[in-house]
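This is start-v2.tsv. It holds TSV, C-alpha atoms.
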```tsv
chain	number	residue	atom	x	y	z
Q	1	MET	CA	113.04	91.77	93.84
Q	2	ILE	CA	112.37	95.48	93.87
Q	3	ILE	CA	109.34	96.64	95.84
Q	4	GLY	CA	108.06	100.15	95.30
Q	5	LEU	CA	105.69	101.67	97.83
Q	6	THR	CA	103.31	104.48	97.04
Q	7	GLY	CA	100.14	105.56	98.75
Q	8	SER	CA	98.15	108.18	100.52
Q	9	TYR	CA	99.49	110.45	103.24
Q	10	CYS	CA	99.93	108.55	106.56
Q	11	SER	CA	98.89	105.22	105.10
Q	12	GLY	CA	101.86	103.50	106.75
Q	13	LYS	CA	104.30	103.28	103.84
Q	14	ASP	CA	107.35	103.95	106.04
Q	15	THR	CA	106.21	101.40	108.65
Q	16	VAL	CA	105.80	98.77	105.92
Q	17	ALA	CA	109.18	99.69	104.40
Q	18	ASP	CA	110.96	99.61	107.76
Q	19	TYR	CA	109.65	96.11	108.45
Q	20	ILE	CA	110.58	94.84	104.97
Q	21	VAL	CA	114.10	96.25	105.29
Q	22	LYS	CA	114.73	95.25	108.90
Q	23	ASN	CA	113.37	91.70	108.70
Q	24	ASN	CA	113.93	90.64	105.11
Q	25	GLY	CA	117.33	91.99	104.04
Q	26	PHE	CA	116.08	94.60	101.58
Q	27	THR	CA	118.01	97.82	101.00
Q	28	HIS	CA	115.89	100.97	101.30
Q	29	PHE	CA	115.92	104.01	99.06
Q	30	SER	CA	113.59	106.98	99.50
Q	31	LEU	CA	113.05	109.33	96.57
Q	32	SER	CA	112.42	112.07	99.14
Q	33	ASP	CA	115.87	111.39	100.61
Q	34	GLU	CA	117.33	111.99	97.14
Q	35	ILE	CA	115.66	115.42	97.18
Q	36	ARG	CA	116.86	116.09	100.75
Q	37	LEU	CA	120.47	115.39	99.75
Q	38	LEU	CA	120.29	117.93	96.93
Q	39	MET	CA	118.57	120.48	99.17
Q	40	LYS	CA	121.25	120.05	101.82
Q	41	GLU	CA	123.94	120.74	99.22
Q	42	GLN	CA	122.16	124.01	98.42
Q	43	GLY	CA	121.46	124.95	102.06
Q	44	ILE	CA	117.68	124.68	101.74
Q	45	GLU	CA	115.68	123.69	104.82
Q	46	PRO	CA	113.93	120.34	104.18
Q	47	THR	CA	110.39	121.32	105.19
Q	48	ARG	CA	107.51	119.43	103.53
Q	49	GLU	CA	106.62	122.52	101.49
Q	50	ASN	CA	110.24	122.98	100.36
Q	51	LEU	CA	110.53	119.29	99.46
Q	52	ILE	CA	107.45	119.53	97.25
Q	53	LYS	CA	108.63	122.74	95.56
Q	54	PHE	CA	112.20	121.51	95.09
Q	55	GLY	CA	111.06	118.11	93.78
Q	56	THR	CA	108.70	119.75	91.30
Q	57	GLN	CA	111.45	122.07	90.05
Q	58	LEU	CA	113.91	119.17	89.85
Q	59	ARG	CA	111.45	117.22	87.67
Q	60	GLN	CA	110.78	120.26	85.48
Q	61	ASP	CA	114.50	120.80	84.94
Q	62	ASN	CA	115.61	117.17	84.53
Q	63	GLY	CA	112.57	115.15	83.48
Q	64	ASN	CA	109.83	113.65	85.61
Q	65	GLY	CA	111.67	110.33	86.09
Q	66	VAL	CA	114.88	111.93	87.40
Q	67	LEU	CA	114.56	110.67	90.98
Q	68	ALA	CA	113.89	107.08	89.91
Q	69	LYS	CA	116.85	107.17	87.52
Q	70	SER	CA	119.08	108.51	90.30
Q	71	VAL	CA	118.15	105.62	92.62
Q	72	ILE	CA	118.40	102.95	89.90
Q	73	LYS	CA	122.04	103.96	89.31
Q	74	LYS	CA	122.74	102.86	92.90
Q	75	PHE	CA	121.32	99.32	92.46
Q	76	GLU	CA	123.63	96.32	92.64
Q	77	ASP	CA	122.89	93.02	90.91
Q	78	GLY	CA	121.39	90.32	93.08
Q	79	LYS	CA	120.13	92.63	95.83
Q	80	ASP	CA	116.56	93.25	96.94
Q	81	TYR	CA	115.32	96.83	97.25
Q	82	CYS	CA	112.42	98.65	98.83
Q	83	ILE	CA	111.74	102.08	97.32
Q	84	THR	CA	109.54	104.68	99.02
Q	85	SER	CA	108.29	108.19	98.21
Q	86	ILE	CA	107.24	107.34	94.67
Q	87	ARG	CA	105.01	110.29	93.84
Q	88	HIS	CA	105.06	110.79	90.09
Q	89	SER	CA	103.75	108.61	87.24
Q	90	GLU	CA	107.05	108.90	85.31
Q	91	GLU	CA	108.89	107.54	88.36
Q	92	VAL	CA	106.53	104.56	88.27
Q	93	LYS	CA	107.11	104.05	84.52
Q	94	THR	CA	110.88	104.26	85.02
Q	95	PHE	CA	110.83	101.62	87.76
Q	96	LYS	CA	108.36	99.38	85.89
Q	97	ALA	CA	110.90	99.09	83.06
Q	98	ILE	CA	113.06	97.06	85.49
Q	99	LYS	CA	112.68	93.30	85.82
Q	100	ASN	CA	111.16	92.09	89.12
Q	101	PHE	CA	109.71	95.47	90.09
Q	102	VAL	CA	106.33	95.52	91.81
Q	103	LEU	CA	104.50	98.67	92.89
Q	104	ILE	CA	102.31	98.44	95.97
Q	105	ASN	CA	99.73	101.04	96.91
Q	106	VAL	CA	99.69	101.15	100.71
Q	107	ASP	CA	96.31	102.52	101.72
Q	108	ALA	CA	94.08	103.05	104.74
Q	109	PRO	CA	90.77	104.80	105.32
Q	110	GLN	CA	91.05	108.60	105.49
Q	111	LYS	CA	89.93	108.83	109.14
Q	112	ILE	CA	92.58	106.33	110.25
Q	113	ARG	CA	95.26	108.19	108.29
Q	114	PHE	CA	94.24	111.53	109.79
Q	115	ASP	CA	94.32	110.03	113.30
Q	116	ARG	CA	97.81	108.63	112.66
Q	117	MET	CA	99.01	112.02	111.46
Q	118	GLN	CA	97.70	113.71	114.60
Q	119	GLN	CA	99.36	111.11	116.83
Q	120	ARG	CA	102.79	111.51	115.27
Q	121	LYS	CA	102.74	115.31	115.88
Q	122	ARG	CA	105.21	116.09	113.10
Q	123	PRO	CA	105.88	119.83	112.65
Q	124	GLY	CA	104.03	121.21	109.64
Q	125	ASP	CA	101.35	118.53	109.58
Q	126	PRO	CA	97.80	119.85	109.07
Q	127	GLN	CA	95.79	120.19	112.28
Q	128	THR	CA	92.32	119.79	110.80
Q	129	LEU	CA	90.72	117.17	108.58
Q	130	GLU	CA	89.93	119.90	106.04
Q	131	LYS	CA	93.61	120.90	105.77
Q	132	PHE	CA	94.58	117.22	105.61
Q	133	ILE	CA	92.23	116.72	102.64
Q	134	GLU	CA	93.53	119.91	101.01
Q	135	LEU	CA	97.13	118.65	101.32
Q	136	GLU	CA	96.17	115.33	99.74
Q	137	GLN	CA	94.58	117.14	96.81
Q	138	LYS	CA	97.74	119.25	96.28
Q	139	GLU	CA	99.79	116.05	96.16
Q	140	SER	CA	97.56	114.48	93.53
Q	141	GLN	CA	97.93	116.46	90.33
Q	142	SER	CA	97.13	114.59	87.15
Q	143	SER	CA	99.69	116.27	84.88
Q	144	GLY	CA	102.89	118.29	85.01
Q	145	SER	CA	105.93	117.90	87.26
Q	146	GLY	CA	104.17	118.14	90.62
Q	147	GLN	CA	103.24	115.21	92.80
Q	148	GLN	CA	100.80	112.72	91.30
Q	149	VAL	CA	100.11	110.43	94.25
Q	150	ALA	CA	96.58	109.39	93.21
Q	151	LEU	CA	97.79	108.50	89.71
Q	152	CYS	CA	100.70	106.48	91.15
Q	153	CYS	CA	98.24	104.59	93.35
Q	154	LYS	CA	96.17	103.72	90.27
Q	155	MET	CA	99.30	102.40	88.54
Q	156	ALA	CA	100.07	100.00	91.41
Q	157	ASP	CA	100.25	96.27	90.78
Q	158	LEU	CA	98.40	95.64	94.02
Q	159	VAL	CA	96.82	97.36	97.00
Q	160	PHE	CA	97.92	96.64	100.56
Q	161	VAL	CA	95.32	97.86	103.05
Q	162	ASN	CA	96.86	98.97	106.34
Q	163	ASP	CA	93.75	99.62	108.39
Q	164	THR	CA	94.97	98.26	111.71
Q	165	ASN	CA	96.80	99.86	114.60
Q	166	ASP	CA	97.85	96.40	115.84
Q	167	ILE	CA	101.51	96.30	114.78
Q	168	ASN	CA	101.79	92.52	115.11
Q	169	LEU	CA	98.77	92.03	112.88
Q	170	LEU	CA	100.34	94.42	110.35
Q	171	TYR	CA	103.63	92.51	110.42
Q	172	GLY	CA	101.77	89.25	109.79
Q	173	LYS	CA	100.03	90.82	106.78
Q	174	ILE	CA	103.40	92.04	105.46
Q	175	ASP	CA	104.92	88.56	105.90
Q	176	ASN	CA	102.04	87.05	103.89
Q	177	LEU	CA	102.44	89.72	101.21
Q	178	LEU	CA	106.18	89.06	100.90
Q	179	LYS	CA	105.63	85.30	100.69
Q	180	ASP	CA	103.24	85.84	97.79
Q	181	LEU	CA	105.55	88.34	96.07
Q	182	LYS	CA	108.63	86.16	96.39
Q	183	SER	CA	106.88	83.28	94.65
Q	184	LYS	CA	105.74	85.59	91.85
Q	185	TYR	CA	108.62	88.05	91.34
Q	186	HIS	CA	111.78	86.47	92.72
Q	187	GLU	CA	114.09	84.45	90.53
```
Turn this file's structure into structure tokens for me.
Amino acid sequence: MIIGLTGSYCSGKDTVADYIVKNNGFTHFSLSDEIRLLMKEQGIEPTRENLIKFGTQLRQDNGNGVLAKSVIKKFEDGKDYCITSIRHSEEVKTFKAIKNFVLINVDAPQKIRFDRMQQRKRPGDPQTLEKFIELEQKESQSSGSGQQVALCCKMADLVFVNDTNDINLLYGKIDNLLKDLKSKYHE
């Protein structure tokens, strides 16, 4: 099974992915890590702004599904994968062409996501709700080679609401999700 995770900023995608990988034997690939590798080769600092710019240019130069195609080349038969940082509709289409792929939109209310962002204190994160909303809008173009997060979320096969800060409750919800997915998508 191949699980793709997309979703709004600070919705908990990485937390969900980490649990799936650590407790269920999935191999993790991040499309953002693919960009970081290329940036490192060129000596470009991997700030959020640089990642967005570089990723957009990479898609313009090589097609909007380039990151998905790069990751798919690394797949091995019979393995389960969890893919994160899916931010363009062509990446979704590229992955959906693969058997046993399911795209999950990990979501949470905006206030919860903003609070999470403030708690993690990552350099470069917006400090106000207004800037947070502005960043989300920048990441949700509807055409071109830039990020299309909102469109990716609409293309998801299902929505996983992560509106709790109780990690054990979240893990239980993930276990239930995986049980349902395995019966539907696993051979």
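The coordinates place CA of Ser143 in chain Q at 26.4 Å from CA of Lys99 in chain Q.
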Write out as a tab-separated table the residues of range 61-173 of chain Q that have any atom within 12 Å of an atom of range 26-44 of chain Q, one row each with the nearest atom pair and its distance in Å to one decimal, counting only C-alpha atoms, sorted by chain and then rising number.
```
residue	atom	partner	partner_atom	distance
Q:Gly65	CA	Q:Leu31	CA	10.6
Q:Val66	CA	Q:Leu31	CA	9.7
Q:Leu67	CA	Q:Leu31	CA	5.9
Q:Ala68	CA	Q:Leu31	CA	7.1
Q:Lys69	CA	Q:Leu31	CA	10.1
Q:Ser70	CA	Q:Glu34	CA	7.9
Q:Val71	CA	Q:Phe29	CA	7.0
Q:Ile72	CA	Q:Phe29	CA	9.5
Q:Lys73	CA	Q:Phe29	CA	11.5
Q:Lys74	CA	Q:Phe29	CA	9.3
Q:Phe75	CA	Q:Thr27	CA	9.3
Q:Glu76	CA	Q:Thr27	CA	10.2
Q:Gly78	CA	Q:Phe26	CA	10.9
Q:Lys79	CA	Q:Phe26	CA	7.3
Q:Asp80	CA	Q:Phe26	CA	4.9
Q:Tyr81	CA	Q:Thr27	CA	4.7
Q:Cys82	CA	Q:His28	CA	4.9
Q:Ile83	CA	Q:Phe29	CA	4.9
Q:Thr84	CA	Q:Ser30	CA	4.7
Q:Ser85	CA	Q:Leu31	CA	5.2
Q:Ile86	CA	Q:Leu31	CA	6.4
Q:Arg87	CA	Q:Leu31	CA	8.5
Q:His88	CA	Q:Leu31	CA	10.4
Q:Glu91	CA	Q:Leu31	CA	9.4
Q:Val92	CA	Q:Leu31	CA	11.6
Q:Phe95	CA	Q:Leu31	CA	11.9
Q:Gln147	CA	Q:Ser32	CA	11.6
```
> So what do you get for CA of Ile2 in chain Q versus CA of Phe101 in chain Q, distance-wise?
Replying inline: 4.6 Å
>> For a test of reading the model, state the distance in Å between CA of Asn168 in chain Q and CA of Met1 in chain Q, rounded to one decimal.
In response: 24.1 Å
> If we count only C-alpha atoms, what is near Gly63 in chain Q at a cut-off of 9 Å, once residues fewer than 4 positions away on the same chain are taken out, given as a ChimeraX atom specification?
Replying inline: /Q:58-59,67,90,145
Could you get me a file of range 144-165 of chain Q with C-alpha atoms, as a CSV table (one decimal), in the first residue's frame, taken from the block above?
```csv
chain,number,residue,atom,x,y,z
Q,144,GLY,CA,0.9,26.9,-12.7
Q,145,SER,CA,4.0,25.2,-11.1
Q,146,GLY,CA,3.7,26.7,-7.6
Q,147,GLN,CA,2.2,24.9,-4.6
Q,148,GLN,CA,-1.4,23.9,-4.9
Q,149,VAL,CA,-2.2,22.6,-1.4
Q,150,ALA,CA,-5.9,23.3,-1.4
Q,151,LEU,CA,-6.4,21.6,-4.8
Q,152,CYS,CA,-4.4,18.6,-3.5
Q,153,CYS,CA,-6.7,18.4,-0.5
Q,154,LYS,CA,-9.7,18.4,-2.7
Q,155,MET,CA,-8.2,15.5,-4.7
Q,156,ALA,CA,-7.8,13.4,-1.6
Q,157,ASP,CA,-9.6,10.0,-1.3
Q,158,LEU,CA,-10.4,10.7,2.3
Q,159,VAL,CA,-10.0,13.3,5.1
Q,160,PHE,CA,-8.4,12.6,8.4
Q,161,VAL,CA,-9.2,15.2,11.0
Q,162,ASN,CA,-6.4,15.7,13.5
Q,163,ASP,CA,-8.1,18.1,15.9
Q,164,THR,CA,-6.7,16.6,19.2
Q,165,ASN,CA,-3.5,17.4,21.1
```
